[in-house]
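Undergrad: Below you will find the structure I want to go over with you.
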Amino acid sequence: MTSATAKGECATNEASCAAVYTYLVSATKDLPTYATNPLWKVVDGPWMLKSFNADRHITFDPSTKYSGSVKATLKEFIEVPFSTDAAEFNVLRGASAIDVGYIPTQDLSSPRPANSTPDQPGPNPLSANYTMAPWNLYGINYFPINYNNPTVVPVFKQLYFRQALQSVVDQKGIITNAAKNYGFQTTGPVPLFPESPLISTTEQTNPYPFDISAATKYLTDNGWSVTPGQAATCTKPGTAAGRSNMPALFHAPRRCMCQRPQICAPPSPSSQGWRLPPSSRRMACRVADHTRDQGLPCPSRGYSAPPCG
C-alpha cells in the first residue's frame, strides 16, 4: 500500500518500494489509528488489537480467524502500563487489580537454587496469591565494545588480548549475584537454553570461562607485564614469538614524545633518530619514528623545546 486506499507495486516493481516504505513509516507514527488501521489487523496469533492509546493502555480481542491449536480463552486481554517496576510490584502484592505480572529481580525473596532446571522457579514472594513461573526469553546478552576506537584499535586487533578480556568476565558470578540464578551464560551466538542442535560443542564447553590466571598468561605470553593493582604494560614490542605485535605508541616505558614540529639541525638528522620528510626540514620526534632497537637516545640537538619526558 502507498496510502490507505492505493495499492503499490512493490512486489513486482522495485522502483515503487520507496513509496510503500514511506507510507508504512508514516502509519507507525499515527498512534491514534493503531486500533482501526487495517494494516495492524493482520495478525498471526490468537489476539487482535481492540483499543490503544499513547500511554500504553492496550486491549485485545480474540482473533476469530486464528487457526492455531491454542485458542484465546478470555473475553478480552488488557495490558496495563506502570511508571516503574516498583509500582507494578506493589499492585501485584495487593492481589486485586491484575491477573498476570512480573516480579522485578530486586524483589525476589531468594535466588533460584543452583541445581534447578530452567523451567523451575525459585522461592515465590507472592505465593499466597500468585503462581510463579519462569519466562525464559530466547536471546543473548552482550556489551558492545568499540573495536574501531582510533586510540586502542591496535590492542583489540590482537586475538590474545580479546581472549584475555573475555577471560575476566565473570558471567557465572553476575548471574548468581545480580540475576539471582535466573539466567544462562552467553558462550556464543546461540542461546544455551533450550537445547538445540545449533549449539556447537565449542559453546557447550565454554572456551573462555572466568579465569584471571588464564587472562594473565594470555598477556605475559605475548610481551606484556602484569602487576597486580597496576595497569598492564607492553614491554616486549615486535612481531616475533612472545612479543606483543603492537605499534610503538603502546610500548612502555616511553622515552620521548616531542609535542610539536621542530627544525632539525646538523649533525645528520637520520643518525640522531629523526625521520626527514622529502623537501622539508621540519619534523617531530615521535616514539614511532625513533630507532629504539639501536638504543639511540632522544636527540639533544636540533630543536628549541626542552627534551620530552
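Chains: A, B, ... in order of the C-alpha cells. Residues: from 1 per chain. Ligands: from 1, in order shown.
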Can you list every residue of region 13-41 of chain A that has an atom at most 9 Å from region 48-63 of chain A, with its nearest atom pair and the distance in Å to one decimal, using only C-alpha atoms, ordered by chain then number, as a tab-separated table?

TA:
```
residue	atom	partner	partner_atom	distance
A:Leu31	CA	A:Ala54	CA	6.6
A:Pro32	CA	A:Asn53	CA	6.5
A:Thr33	CA	A:Phe52	CA	8.3
A:Tyr34	CA	A:Phe52	CA	6.6
A:Ala35	CA	A:Ser51	CA	5.1
A:Thr36	CA	A:Lys50	CA	8.0
A:Trp40	CA	A:Leu49	CA	7.7
A:Lys41	CA	A:Met48	CA	6.7
```

Undergrad: Mind checking which residues fall within 12 Å of Glu9 (chain A), counting only C-alpha atoms, ignoring those fewer than 6 positions away in the same chain, and posting them as a PyMOL selection string?

TA: chain A and resi 1-2+15-21

Undergrad: So that I can check the surroundings of region 85-99 of chain A, please list as a PyMOL selection string every protein, DNA and RNA residue that reaches within 9 Å of it, counting only C-alpha atoms and ignoring chain neighbours fewer than 6 positions away.

TA: chain A and resi 107+126+129-130

Undergrad: Hey, what does DSSP flag as strand (DSSP E or B) within region 108-253 of chain A? Can you give it to me as number ranges by chain?

TA: A: 224-225, 233-234, 251

Undergrad: Would you mind exporting the chosen residues as a CSV table (one decimal), in the first residue's frame, restricted to all heavy atoms?

TA:
```
chain,number,residue,atom,x,y,z
A,224,TRP,N,53.6,-8.7,27.4
A,224,TRP,CA,53.1,-7.7,28.4
A,224,TRP,C,53.5,-8.1,29.8
A,224,TRP,O,53.8,-9.2,30.1
A,224,TRP,CB,51.5,-7.7,28.4
A,224,TRP,CG,50.9,-7.2,27.1
A,224,TRP,CD1,50.9,-7.7,25.9
A,224,TRP,CD2,50.2,-6.0,27.0
A,224,TRP,NE1,50.3,-6.9,25.0
A,224,TRP,CE2,49.8,-5.8,25.7
A,224,TRP,CE3,49.8,-5.0,27.9
A,224,TRP,CZ2,49.0,-4.8,25.2
A,224,TRP,CZ3,49.1,-3.9,27.5
A,224,TRP,CH2,48.7,-3.8,26.1
A,225,SER,N,53.7,-7.0,30.6
A,225,SER,CA,54.0,-7.2,32.0
A,225,SER,C,52.7,-6.9,32.8
A,225,SER,O,52.1,-5.9,32.6
A,225,SER,CB,55.1,-6.3,32.5
A,225,SER,OG,56.3,-6.7,31.8
A,233,THR,N,51.3,-3.4,31.0
A,233,THR,CA,52.0,-2.6,30.0
A,233,THR,C,52.7,-3.5,29.0
A,233,THR,O,53.1,-4.6,29.4
A,233,THR,CB,53.1,-1.7,30.7
A,233,THR,OG1,54.0,-2.6,31.5
A,233,THR,CG2,52.5,-0.7,31.6
A,234,CYS,N,52.8,-3.0,27.8
A,234,CYS,CA,53.5,-3.7,26.8
A,234,CYS,C,55.0,-3.5,26.9
A,234,CYS,O,55.5,-2.3,26.7
A,234,CYS,CB,53.0,-3.2,25.4
A,234,CYS,SG,54.0,-3.8,24.0
A,251,HIS,N,54.2,0.9,23.6
A,251,HIS,CA,55.3,0.4,24.3
A,251,HIS,C,55.5,1.1,25.6
A,251,HIS,O,55.3,2.3,25.8
A,251,HIS,CB,56.6,0.5,23.5
A,251,HIS,CG,56.5,-0.3,22.2
A,251,HIS,ND1,57.4,-0.2,21.2
A,251,HIS,CD2,55.5,-1.1,21.7
A,251,HIS,CE1,57.0,-0.9,20.2
A,251,HIS,NE2,55.9,-1.5,20.5
```

Undergrad: For region 135-140 of chain A, please output as a list of chain:residue names all residues within 12 Å (counting only C-alpha atoms; exclusion window: fewer than 4 positions along the same chain).

TA: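 Surrounding residues, per the criterion: A:Gly101, A:Tyr102, A:Ile103, A:Thr117, A:Pro118, A:Asp119, A:Gln120, A:Pro121, A:Tyr182, A:Gly183, A:Phe184, A:Gln185, A:Thr186, A:Thr187, A:Gly188, A:Pro189, A:Val190, A:Pro191, A:Leu192, A:Phe193, A:Pro194, A:Glu195, A:Ser196.
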
Undergrad: For a test of reading the model, state the distance in Å between CA of Asn181 (chain A) and CA of Leu198 (chain A), rounded to one decimal.

TA: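 Going from CA of Asn181 (chain A) over to CA of Leu198 (chain A) covers 23.9 Å.
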
Undergrad: Rank nothing, just name the residue among A:Ala241, A:Asp211, A:Val226, A:Val100 nearest to Glu79 (chain A), using only C-alpha atoms.

TA: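 Among the listed residues, A:Val100 lies closest to Glu79 (chain A).
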
Undergrad: Mind listing the alpha helix (DSSP H) residues of region 146-261 of chain A, per DSSP on the backbone, as number ranges by chain?

TA: A: 153-156, 159-167, 171-177, 201-205, 212-220
